[in-house]
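What follows is the content of entry.pdb (PDB, C-alpha atoms, pLDDT in the B column).
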ATOM      1  CA  MET A 547       9.792  63.241  15.687  1.00 93.00           C
ATOM      2  CA  ILE A 548      10.560  61.645  12.350  1.00 95.00           C
ATOM      3  CA  ASP A 549       8.100  59.136  10.889  1.00 97.00           C
ATOM      4  CA  CYS A 550       9.691  57.039   8.140  1.00 96.00           C
ATOM      5  CA  ASP A 551       7.948  54.606   5.789  1.00 95.00           C
ATOM      6  CA  CYS A 552      10.328  54.192   2.872  1.00 93.00           C
ATOM      7  CA  ASP A 553       9.474  50.690   1.604  1.00 90.00           C
ATOM      8  CA  GLY A 554      12.807  48.936   1.941  1.00 89.00           C
ATOM      9  CA  VAL A 555      15.414  51.677   1.596  1.00 94.00           C
ATOM     10  CA  GLU A 556      15.922  52.123   5.336  1.00 95.00           C
ATOM     11  CA  ASN A 557      19.522  50.908   5.020  1.00 94.00           C
ATOM     12  CA  GLU A 558      20.273  53.712   2.563  1.00 94.00           C
ATOM     13  CA  ILE A 559      18.721  56.477   4.694  1.00 95.00           C
ATOM     14  CA  PHE A 560      19.960  55.402   8.120  1.00 97.00           C
ATOM     15  CA  THR A 561      23.683  54.690   7.769  1.00 95.00           C
ATOM     16  CA  GLU A 562      26.836  54.970   9.866  1.00 93.00           C
ATOM     17  CA  GLN A 563      27.398  58.321   8.157  1.00 95.00           C
ATOM     18  CA  THR A 564      23.908  59.726   8.794  1.00 93.00           C
ATOM     19  CA  GLY A 565      23.053  57.981  12.078  1.00 88.00           C
ATOM     20  CA  GLY A 566      24.523  60.715  14.279  1.00 91.00           C
ATOM     21  CA  GLN A 567      22.291  63.332  12.640  1.00 94.00           C
ATOM     22  CA  PHE A 568      19.277  61.610  14.216  1.00 95.00           C
ATOM     23  CA  ALA A 569      20.630  61.375  17.792  1.00 95.00           C
ATOM     24  CA  ASP A 570      18.314  64.111  19.119  1.00 94.00           C
ATOM     25  CA  TRP A 571      15.234  62.932  17.260  1.00 95.00           C
ATOM     26  CA  ASP A 572      12.612  60.363  18.169  1.00 97.00           C
ATOM     27  CA  LEU A 573      12.144  58.040  15.191  1.00 97.00           C
ATOM     28  CA  LEU A 574       9.230  55.865  14.125  1.00 98.00           C
ATOM     29  CA  ILE A 575      10.481  53.629  11.324  1.00 98.00           C
ATOM     30  CA  GLU A 576       8.411  51.009   9.546  1.00 97.00           C
ATOM     31  CA  THR A 577      10.928  48.288   8.763  1.00 96.00           C
ATOM     32  CA  HIS A 578      10.625  46.200   5.622  1.00 95.00           C
ATOM     33  CA  ASP A 579      12.533  43.033   6.411  1.00 95.00           C
ATOM     34  CA  CYS A 580      10.523  41.374   3.628  1.00 93.00           C
ATOM     35  CA  TYR A 581      12.835  43.192   1.176  1.00 93.00           C
ATOM     36  CA  ASP A 582      16.038  42.895   3.233  1.00 95.00           C
ATOM     37  CA  ILE A 583      15.979  40.681   6.324  1.00 95.00           C
ATOM     38  CA  THR A 584      18.803  42.690   7.946  1.00 95.00           C
ATOM     39  CA  ILE A 585      17.002  46.038   8.171  1.00 96.00           C
ATOM     40  CA  SER A 586      15.422  45.868  11.642  1.00 97.00           C
ATOM     41  CA  THR A 587      18.462  44.219  13.221  1.00 97.00           C
ATOM     42  CA  ARG A 588      20.842  46.739  11.671  1.00 97.00           C
ATOM     43  CA  LEU A 589      18.750  49.742  12.735  1.00 98.00           C
ATOM     44  CA  ALA A 590      18.538  48.451  16.311  1.00 98.00           C
ATOM     45  CA  GLU A 591      22.325  48.219  16.385  1.00 97.00           C
ATOM     46  CA  LEU A 592      22.842  51.589  14.672  1.00 97.00           C
ATOM     47  CA  PHE A 593      20.773  53.471  17.272  1.00 97.00           C
ATOM     48  CA  ARG A 594      21.664  51.305  20.294  1.00 97.00           C
ATOM     49  CA  GLU A 595      23.842  54.001  21.925  1.00 96.00           C
ATOM     50  CA  THR A 596      21.592  56.988  21.238  1.00 96.00           C
ATOM     51  CA  HIS A 597      18.024  55.668  21.532  1.00 97.00           C
ATOM     52  CA  GLU A 598      15.711  53.393  23.491  1.00 96.00           C
ATOM     53  CA  LEU A 599      13.885  50.940  21.235  1.00 98.00           C
ATOM     54  CA  CYS A 600      10.284  49.745  21.374  1.00 98.00           C
ATOM     55  CA  THR A 601       9.215  47.322  18.633  1.00 98.00           C
ATOM     56  CA  ILE A 602       5.585  47.357  17.502  1.00 97.00           C
ATOM     57  CA  PRO A 603       4.447  44.374  15.396  1.00 96.00           C
ATOM     58  CA  SER A 604       1.831  44.693  12.677  1.00 94.00           C
ATOM     59  CA  VAL A 605      -1.461  42.829  12.829  1.00 95.00           C
ATOM     60  CA  ASP A 606      -2.466  40.280  10.198  1.00 94.00           C
ATOM     61  CA  ASP A 607      -5.524  41.199   8.072  1.00 95.00           C
ATOM     62  CA  ILE A 608      -7.507  38.227   9.413  1.00 95.00           C
ATOM     63  CA  GLN A 609      -6.765  39.134  13.018  1.00 96.00           C
ATOM     64  CA  LYS A 610      -7.848  42.726  12.351  1.00 96.00           C
ATOM     65  CA  ALA A 611     -11.197  41.471  11.031  1.00 97.00           C
ATOM     66  CA  LYS A 612     -11.710  39.320  14.107  1.00 97.00           C
ATOM     67  CA  ALA A 613     -10.355  41.606  16.832  1.00 96.00           C
ATOM     68  CA  TYR A 614     -10.831  45.253  15.895  1.00 96.00           C
ATOM     69  CA  ASP A 615     -13.821  46.749  17.658  1.00 94.00           C
ATOM     70  CA  TYR A 616     -14.768  50.002  15.945  1.00 95.00           C
ATOM     71  CA  PRO A 617     -18.316  51.388  15.619  1.00 96.00           C
ATOM     72  CA  GLU A 618     -17.868  51.572  11.833  1.00 95.00           C
ATOM     73  CA  LEU A 619     -17.455  47.784  11.730  1.00 96.00           C
ATOM     74  CA  ALA A 620     -20.514  46.963  13.829  1.00 95.00           C
ATOM     75  CA  GLY A 621     -22.896  44.617  12.058  1.00 95.00           C
ATOM     76  CA  LEU A 622     -20.474  43.646   9.301  1.00 97.00           C
ATOM     77  CA  ASP A 623     -19.694  39.980   8.670  1.00 97.00           C
ATOM     78  CA  LEU A 624     -16.066  38.805   8.927  1.00 97.00           C
ATOM     79  CA  ALA A 625     -15.456  38.763   5.169  1.00 97.00           C
ATOM     80  CA  THR A 626     -16.647  42.364   4.809  1.00 97.00           C
ATOM     81  CA  ARG A 627     -14.650  43.443   7.859  1.00 97.00           C
ATOM     82  CA  ARG A 628     -11.536  41.843   6.347  1.00 96.00           C
ATOM     83  CA  ALA A 629     -12.138  43.522   2.982  1.00 96.00           C
ATOM     84  CA  ASN A 630     -12.466  46.904   4.686  1.00 96.00           C
ATOM     85  CA  LEU A 631      -9.388  46.487   6.876  1.00 96.00           C
ATOM     86  CA  ALA A 632      -7.022  44.598   4.570  1.00 96.00           C
ATOM     87  CA  GLU A 633      -3.634  46.103   3.749  1.00 92.00           C
ATOM     88  CA  PHE A 634      -2.420  43.061   1.767  1.00 92.00           C
ATOM     89  CA  ARG A 635       1.081  43.245   3.236  1.00 88.00           C
ATOM     90  CA  PRO A 636       3.497  40.618   1.893  1.00 86.00           C
ATOM     91  CA  THR A 637       4.270  39.525   5.458  1.00 89.00           C
ATOM     92  CA  LEU A 638       3.843  40.703   9.013  1.00 89.00           C
ATOM     93  CA  MET A 639       5.804  43.902   9.483  1.00 92.00           C
ATOM     94  CA  GLU A 640       7.058  45.900  12.432  1.00 95.00           C
ATOM     95  CA  TRP A 641       7.645  49.456  13.426  1.00 97.00           C
ATOM     96  CA  GLN A 642      10.647  50.448  15.466  1.00 98.00           C
ATOM     97  CA  PHE A 643      10.050  53.377  17.774  1.00 98.00           C
ATOM     98  CA  PHE A 644      13.367  54.882  18.810  1.00 98.00           C
ATOM     99  CA  THR A 645      13.211  57.374  21.675  1.00 96.00           C
ATOM    100  CA  SER A 646      16.208  59.689  21.819  1.00 96.00           C
ATOM    101  CA  ARG A 647      18.249  59.454  25.013  1.00 94.00           C
ATOM    102  CA  SER A 648      19.328  63.096  24.599  1.00 91.00           C
ATOM    103  CA  ASN A 649      15.760  64.347  25.141  1.00 74.00           C
ATOM    104  CA  PRO A 650      14.588  62.619  28.323  1.00 66.00           C
ATOM    105  CA  ARG A 651      10.865  62.793  29.003  1.00 64.00           C
ATOM    106  CA  VAL A 652       9.491  63.935  32.333  1.00 53.00           C
TER     107      VAL A 652
END
When written as structure tokens, how does the structure in this file appear?
Amino acid sequence: MIDCDCDGVENEIFTEQTGGQFADWDLLIETHDCYDITISTRLAELFRETHELCTIPSVDDIQKAKAYDYPELAGLDLATRRANLAEFRPTLMEWQFFTSRSNPRV
């Protein structure tokens, strides 16, 4: 599996020329549409024939503070929980998990 977090250069790494090299690999790609709004749409199209796609949205910092239930957060007020969990992303993000069709799972 390839895990890619390249902060907006996805369109330079995953191209028509390189796309075939990834046909046998599962890919987890954090897409940065905040830098180029076409990234996630283009990647979905690029790997449409070779991979199954599952999109995983990010969670806003406020929602993390309210919803995450971890023992380490027990007893902390919301402001402290937010400070501990914040990633300060410029927008909500998403990950695209591409499962290769050439390596079917049992």
Worksheet item: From the set A:Phe593, A:Asp549, A:Cys600, A:Leu638, which residue has the shortest atom-to-atom contact distance to Leu573 in chain A, counting only C-alpha atoms?
Response: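 Comparing A:Phe593, A:Asp549, A:Cys600, A:Leu638 against Leu573 in chain A, the winner is A:Asp549.
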Fill in: Ground truth for the PyMOL selection byres ((chain A and resi 611) around 6), written as a PyMOL selection string
chain A and resi 608-610+612-613+624+627-628
Item to complete: Return the single residue from A:Ile548, A:Leu589, A:Thr577, A:Leu619 that is closest to Phe560 in chain A, with distances computed using all atoms listed in the file.
Response: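 Among the listed residues, the smallest separation from Phe560 in chain A belongs to A:Leu589.
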Could you list, as a PDB file with C-alpha atoms, keeping the file's coordinate frame, every residue matched by the PyMOL selection byres ((chain A and resi 602-604) around 9) in this structure?
ATOM      1  CA  CYS A 600      10.284  49.745  21.374  1.00 98.00           C
ATOM      2  CA  THR A 601       9.215  47.322  18.633  1.00 98.00           C
ATOM      3  CA  VAL A 605      -1.461  42.829  12.829  1.00 95.00           C
ATOM      4  CA  ASP A 606      -2.466  40.280  10.198  1.00 94.00           C
ATOM      5  CA  LEU A 638       3.843  40.703   9.013  1.00 89.00           C
ATOM      6  CA  MET A 639       5.804  43.902   9.483  1.00 92.00           C
ATOM      7  CA  GLU A 640       7.058  45.900  12.432  1.00 95.00           C
ATOM      8  CA  TRP A 641       7.645  49.456  13.426  1.00 97.00           C
ATOM      9  CA  GLN A 642      10.647  50.448  15.466  1.00 98.00           C
ATOM     10  CA  PHE A 643      10.050  53.377  17.774  1.00 98.00           C
TER      11      PHE A 643
END
Fill in: Between CA of Glu598 in chain A and CA of Asn557 in chain A, distance in Å (one decimal)
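So the two atoms, CA of Glu598 in chain A and CA of Asn557 in chain A, lie 19.0 Å apart.
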Discussion item. So that I can see what lies close to Thr645 in chain A, please list as a ChimeraX atom specification the residues with an atom at most 9 Å from it, counting all atoms listed in the file and leaving out residues fewer than 6 positions away in the same chain.
Written reply: /A:570-574,596-600
Discussion item. Ranking A:Ser648, A:Glu618, A:Glu556, A:Glu633 by minimum distance to Thr587 in chain A and counting only C-alpha atoms, which one comes first?
Written reply: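 Among A:Ser648, A:Glu618, A:Glu556, A:Glu633, it is A:Glu556 that comes nearest to Thr587 in chain A.
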Fill in: Selection: 10 Å around Leu592 in chain A, only C-alpha atoms, excl. self and same-chain fewer than 6 positions, as a PyMOL selection string
chain A and resi 560-562+565-566+586
Keeping only C-alpha atoms, take the residues you just selected and write them out as a PDB file, in the coordinates of the input.
ATOM      1  CA  PHE A 560      19.960  55.402   8.120  1.00 97.00           C
ATOM      2  CA  THR A 561      23.683  54.690   7.769  1.00 95.00           C
ATOM      3  CA  GLU A 562      26.836  54.970   9.866  1.00 93.00           C
ATOM      4  CA  GLY A 565      23.053  57.981  12.078  1.00 88.00           C
ATOM      5  CA  GLY A 566      24.523  60.715  14.279  1.00 91.00           C
ATOM      6  CA  SER A 586      15.422  45.868  11.642  1.00 97.00           C
TER       7      SER A 586
END
Worksheet item: Evaluating the PyMOL selection byres ((chain A and resi 554) around 8) on the displayed file yields which residues, as a list in words?
Response: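 What the PyMOL selection byres ((chain A and resi 554) around 8) grabs from the file is Cys552, Asp553, Val555, Glu556, Asn557, Thr577, His578, Asp579, Tyr581 and Asp582 of chain A.
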Grab the residues selected above and save them as a compact mmCIF listing (two decimals), keeping the file's coordinate frame with C-alpha atoms.
# COMPACT_ATOMS: atom_id res chain seq x y z
CA CYS A 552 10.33 54.19 2.87
CA ASP A 553 9.47 50.69 1.60
CA VAL A 555 15.41 51.68 1.60
CA GLU A 556 15.92 52.12 5.34
CA ASN A 557 19.52 50.91 5.02
CA THR A 577 10.93 48.29 8.76
CA HIS A 578 10.62 46.20 5.62
CA ASP A 579 12.53 43.03 6.41
CA TYR A 581 12.84 43.19 1.18
CA ASP A 582 16.04 42.90 3.23
Practice prompt. Mind giving me the straight-line distance from CA of Glu595 in chain A to CA of Cys580 in chain A in Å, one decimal?
Written response: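 Result for CA of Glu595 in chain A versus CA of Cys580 in chain A: 25.9 Å, one decimal.
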Axis-aligned box for range 558-566 of chain A, 5 Å per side, centre and edges in Å as lines of an AutoDock Vina configuration file:
center_x = 23.1
center_y = 57.2
center_z = 8.4
size_x = 18.7
size_y = 17.0
size_z = 21.7
Discussion item. For a quick check of your reading of the model, name the residues lying within 7 Å of the coordinate (4.6, 52.9, 6.9), counting only C-alpha atoms, and write them as a list of chain:residue names.
Written reply: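 Residues with an atom at most 7 Å from (4.6, 52.9, 6.9): A:Cys550, A:Asp551, A:Glu576.
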Let's have the selection written as a PDB file, in the coordinates of the input, with C-alpha atoms.
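selection_30.pdb, written as the output of this step:
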ATOM      1  CA  CYS A 550       9.691  57.039   8.140  1.00 96.00           C
ATOM      2  CA  ASP A 551       7.948  54.606   5.789  1.00 95.00           C
ATOM      3  CA  GLU A 576       8.411  51.009   9.546  1.00 97.00           C
TER       4      GLU A 576
END
Worksheet entry | CA of Thr584 in chain A to CA of Thr564 in chain A, distance in Å rounded to a single decimal |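 Computing the Euclidean distance for CA of Thr584 in chain A and CA of Thr564 in chain A yields 17.8 Å.
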Worksheet, complete the sentence: Among A:Ile575, A:Ile585, A:Ser646, A:Asp607, Asn630 in chain A is approached most closely, using all atoms listed in the file, by A:Asp607
